[in-house]
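Q: Let me give you the structure first, and then I'll get to my questions.
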Amino acid sequence: MLRTRVRTRQQEIAMRAMGCIAERSLGKVDEERNREYVSFAKKFPALIHTCGLALAVAFACAKSHKDYLEDLIKVMGFEEGASADNVETLQQKFMEKIVKADVREYILLTQSTMEASLWLKRYAEAAEADAEKDRGDAGKGFEEKQERLA
């Protein structure tokens with residue numbers, strides 16, 4: 001009998017976050033861009049907590065953290081059913097959804113965004129540590145971990 005593996009919501013979010021960070025291969029993109037991405041990934045959950053979701057996302061848009069927002073939207077699953085051809089349009093739709101949400105929906109969006117941002121933070125930190133540990137083969141261990149989880 002074929003057994004289907006049931007995954008929790010947290011496992012699904014974690015897998016999407018790992019995929020985003022692995023795609024980005026933090027060791028393969030230029031050093032400055034990596035540092036900015038990891039730095040922002042570390043700060044974003046606290047930014048949501050202190051300023052609120054709408055202001056945190058607006059700040060990310062204003063400061064041109066498009067890479068991070070793109071990954072955040074992917075991890076949340078917001079892009080499902082939408083064409084991901086234009087990332088900026090997707091980010092605008094995400095911001096509109098946040099601004100137009102009623103209180104209950106805003107709280108749910110905040111919670112799901114916080115969960116997604118925490119997973120991105122964890123994996124960005126792990127990838128950064130891998131890159132620092134072994135500059136010559138930065139993403140290998142991280143990609144192997146992703147394959148085991150899939």
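Every chain in the structure tokens takes a letter, A first, then B, and so on in the order presented; its residues are numbered from 1, and the ligands are numbered from 1 following the presented order.
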Can you write out as a Markdown table which residues of region 27-125 of chain A fall within 12 Å of region 17-21 of chain A, alongside each residue's closest atom pair and its distance in Å to one decimal, counting only C-alpha atoms and ordering rows by chain and ascending residue number?
A:
| residue | atom | partner | partner_atom | distance |
| --- | --- | --- | --- | --- |
| A:Gly27 | CA | A:Ile21 | CA | 10.4 |
| A:Lys28 | CA | A:Ile21 | CA | 11.3 |
| A:Val29 | CA | A:Ile21 | CA | 11.5 |
| A:Asn34 | CA | A:Ile21 | CA | 10.7 |
| A:Tyr37 | CA | A:Ile21 | CA | 10.2 |
| A:Val38 | CA | A:Ile21 | CA | 10.1 |
| A:Ala41 | CA | A:Ile21 | CA | 10.8 |
| A:Asp67 | CA | A:Cys20 | CA | 10.0 |
| A:Tyr68 | CA | A:Cys20 | CA | 9.6 |
| A:Leu69 | CA | A:Cys20 | CA | 11.2 |
| A:Glu70 | CA | A:Cys20 | CA | 9.2 |
| A:Asp71 | CA | A:Cys20 | CA | 6.0 |
| A:Leu72 | CA | A:Ala17 | CA | 8.0 |
| A:Ile73 | CA | A:Ala17 | CA | 10.1 |
| A:Lys74 | CA | A:Cys20 | CA | 7.8 |
| A:Val75 | CA | A:Ala17 | CA | 5.4 |
| A:Met76 | CA | A:Ala17 | CA | 8.9 |
| A:Gly77 | CA | A:Ala17 | CA | 10.5 |
| A:Thr113 | CA | A:Ala17 | CA | 11.9 |
| A:Glu115 | CA | A:Ala17 | CA | 10.3 |
| A:Ala116 | CA | A:Ala17 | CA | 7.2 |
| A:Ser117 | CA | A:Ala17 | CA | 8.6 |
| A:Leu118 | CA | A:Ala17 | CA | 9.3 |
| A:Trp119 | CA | A:Ala17 | CA | 6.0 |
| A:Leu120 | CA | A:Ala17 | CA | 5.3 |
| A:Lys121 | CA | A:Ala17 | CA | 8.9 |
| A:Arg122 | CA | A:Ala17 | CA | 9.0 |
| A:Tyr123 | CA | A:Met18 | CA | 6.2 |
| A:Ala124 | CA | A:Ile21 | CA | 6.4 |
| A:Glu125 | CA | A:Ile21 | CA | 9.9 |
Q: Convert the current residue selection to file output with N, CA and C atoms, as an mmCIF file, in the first residue's frame.
A:
data_model
loop_
_atom_site.group_PDB
_atom_site.id
_atom_site.type_symbol
_atom_site.label_atom_id
_atom_site.label_comp_id
_atom_site.auth_asym_id
_atom_site.auth_seq_id
_atom_site.Cartn_x
_atom_site.Cartn_y
_atom_site.Cartn_z
ATOM 1 N N GLY A 27 25.957 31.778 -1.500
ATOM 2 C CA GLY A 27 27.383 31.842 -1.785
ATOM 3 C C GLY A 27 27.696 32.170 -3.229
ATOM 4 N N LYS A 28 26.706 32.105 -4.128
ATOM 5 C CA LYS A 28 26.959 32.279 -5.557
ATOM 6 C C LYS A 28 26.655 33.687 -6.065
ATOM 7 N N VAL A 29 25.894 34.460 -5.312
ATOM 8 C CA VAL A 29 25.569 35.830 -5.709
ATOM 9 C C VAL A 29 26.632 36.735 -5.102
ATOM 10 N N ASN A 34 24.392 39.537 -0.892
ATOM 11 C CA ASN A 34 24.141 38.512 0.118
ATOM 12 C C ASN A 34 24.051 39.106 1.507
ATOM 13 N N TYR A 37 20.775 40.961 1.942
ATOM 14 C CA TYR A 37 19.644 40.034 2.033
ATOM 15 C C TYR A 37 19.594 39.399 3.418
ATOM 16 N N VAL A 38 20.721 38.860 3.865
ATOM 17 C CA VAL A 38 20.766 38.186 5.168
ATOM 18 C C VAL A 38 20.491 39.182 6.294
ATOM 19 N N ALA A 41 16.832 39.902 6.242
ATOM 20 C CA ALA A 41 16.094 38.709 6.676
ATOM 21 C C ALA A 41 16.148 38.562 8.196
ATOM 22 N N ASP A 67 14.196 41.414 -3.563
ATOM 23 C CA ASP A 67 14.540 39.987 -3.500
ATOM 24 C C ASP A 67 13.892 39.331 -2.287
ATOM 25 N N TYR A 68 13.991 40.015 -1.148
ATOM 26 C CA TYR A 68 13.426 39.462 0.073
ATOM 27 C C TYR A 68 11.901 39.373 -0.021
ATOM 28 N N LEU A 69 11.278 40.426 -0.509
ATOM 29 C CA LEU A 69 9.817 40.415 -0.638
ATOM 30 C C LEU A 69 9.345 39.333 -1.600
ATOM 31 N N GLU A 70 10.080 39.142 -2.673
ATOM 32 C CA GLU A 70 9.742 38.087 -3.633
ATOM 33 C C GLU A 70 9.771 36.718 -2.943
ATOM 34 N N ASP A 71 10.821 36.470 -2.175
ATOM 35 C CA ASP A 71 10.919 35.199 -1.455
ATOM 36 C C ASP A 71 9.832 35.070 -0.399
ATOM 37 N N LEU A 72 9.547 36.148 0.302
ATOM 38 C CA LEU A 72 8.507 36.124 1.327
ATOM 39 C C LEU A 72 7.152 35.772 0.724
ATOM 40 N N ILE A 73 6.847 36.357 -0.403
ATOM 41 C CA ILE A 73 5.577 36.085 -1.086
ATOM 42 C C ILE A 73 5.519 34.630 -1.535
ATOM 43 N N LYS A 74 6.635 34.100 -2.038
ATOM 44 C CA LYS A 74 6.687 32.691 -2.438
ATOM 45 C C LYS A 74 6.469 31.768 -1.240
ATOM 46 N N VAL A 75 7.140 32.061 -0.150
ATOM 47 C CA VAL A 75 7.055 31.212 1.037
ATOM 48 C C VAL A 75 5.635 31.219 1.601
ATOM 49 N N MET A 76 4.978 32.356 1.555
ATOM 50 C CA MET A 76 3.611 32.451 2.061
ATOM 51 C C MET A 76 2.610 31.763 1.140
ATOM 52 N N GLY A 77 3.013 31.522 -0.094
ATOM 53 C CA GLY A 77 2.109 30.908 -1.052
ATOM 54 C C GLY A 77 1.154 31.909 -1.666
ATOM 55 N N THR A 113 2.767 35.969 7.775
ATOM 56 C CA THR A 113 3.978 36.647 7.314
ATOM 57 C C THR A 113 5.099 36.488 8.326
ATOM 58 N N GLU A 115 5.483 33.949 10.399
ATOM 59 C CA GLU A 115 5.963 32.563 10.277
ATOM 60 C C GLU A 115 6.905 32.427 9.089
ATOM 61 N N ALA A 116 6.501 32.946 7.947
ATOM 62 C CA ALA A 116 7.319 32.854 6.740
ATOM 63 C C ALA A 116 8.646 33.587 6.917
ATOM 64 N N SER A 117 8.597 34.767 7.515
ATOM 65 C CA SER A 117 9.828 35.551 7.681
ATOM 66 C C SER A 117 10.783 34.887 8.673
ATOM 67 N N LEU A 118 10.243 34.209 9.670
ATOM 68 C CA LEU A 118 11.108 33.500 10.617
ATOM 69 C C LEU A 118 11.820 32.326 9.947
ATOM 70 N N TRP A 119 11.130 31.611 9.066
ATOM 71 C CA TRP A 119 11.777 30.512 8.348
ATOM 72 C C TRP A 119 12.824 31.042 7.378
ATOM 73 N N LEU A 120 12.528 32.136 6.701
ATOM 74 C CA LEU A 120 13.540 32.733 5.816
ATOM 75 C C LEU A 120 14.764 33.169 6.613
ATOM 76 N N LYS A 121 14.518 33.725 7.783
ATOM 77 C CA LYS A 121 15.620 34.154 8.648
ATOM 78 C C LYS A 121 16.484 32.963 9.046
ATOM 79 N N ARG A 122 15.852 31.881 9.490
ATOM 80 C CA ARG A 122 16.605 30.693 9.912
ATOM 81 C C ARG A 122 17.478 30.147 8.792
ATOM 82 N N TYR A 123 16.885 29.983 7.612
ATOM 83 C CA TYR A 123 17.630 29.401 6.506
ATOM 84 C C TYR A 123 18.676 30.352 5.946
ATOM 85 N N ALA A 124 18.407 31.645 5.961
ATOM 86 C CA ALA A 124 19.411 32.618 5.513
ATOM 87 C C ALA A 124 20.620 32.590 6.445
ATOM 88 N N GLU A 125 20.356 32.501 7.749
ATOM 89 C CA GLU A 125 21.450 32.407 8.717
ATOM 90 C C GLU A 125 22.244 31.124 8.522
#
Q: Record the distance separating CA of Glu88 (chain A) and CA of Arg9 (chain A), expressed in Å with one decimal.
A: 26.6 Å
Q: Please, what distance in Å, to one decimal, runs between CA of Phe78 (chain A) and CA of Phe59 (chain A)?
A: 19.2 Å
Q: Pick from A:Ala126, A:Thr110, A:Ala62, A:Val103: nearest to Thr50 (chain A), with only C-alpha atoms counted?
A: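 Using only C-alpha atoms, the shortest distance to Thr50 (chain A) belongs to A:Thr110.
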Q: Taking only C-alpha atoms into account, which of A:Ile98, A:Pro45, A:Asn86, A:Ala129 comes nearest Ala58 (chain A)?
A: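 Selected residue with least distance to Ala58 (chain A): A:Ile98.
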Q: Rank nothing, just name the residue among A:Lys42, A:Glu132, A:Cys61, A:Ala22 nearest to Thr89 (chain A), using only C-alpha atoms.
A: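 That would be A:Cys61, the residue with the smallest distance to Thr89 (chain A).
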Q: Find the distance between CA of Val99 (chain A) and CA of Ala54 (chain A) and write it in Å to one decimal.
A: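 Spanning CA of Val99 (chain A) to CA of Ala54 (chain A) is a straight-line distance of 6.7 Å.
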Q: Let me make sure I understand: among A:Leu53, A:Leu90, A:Met15, A:Val6, which one has the smallest atom-to-atom distance to Gln111 (chain A) if we use only C-alpha atoms?
A: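 Looking only at the distances to Gln111 (chain A), the closest residue turns out to be A:Leu53.
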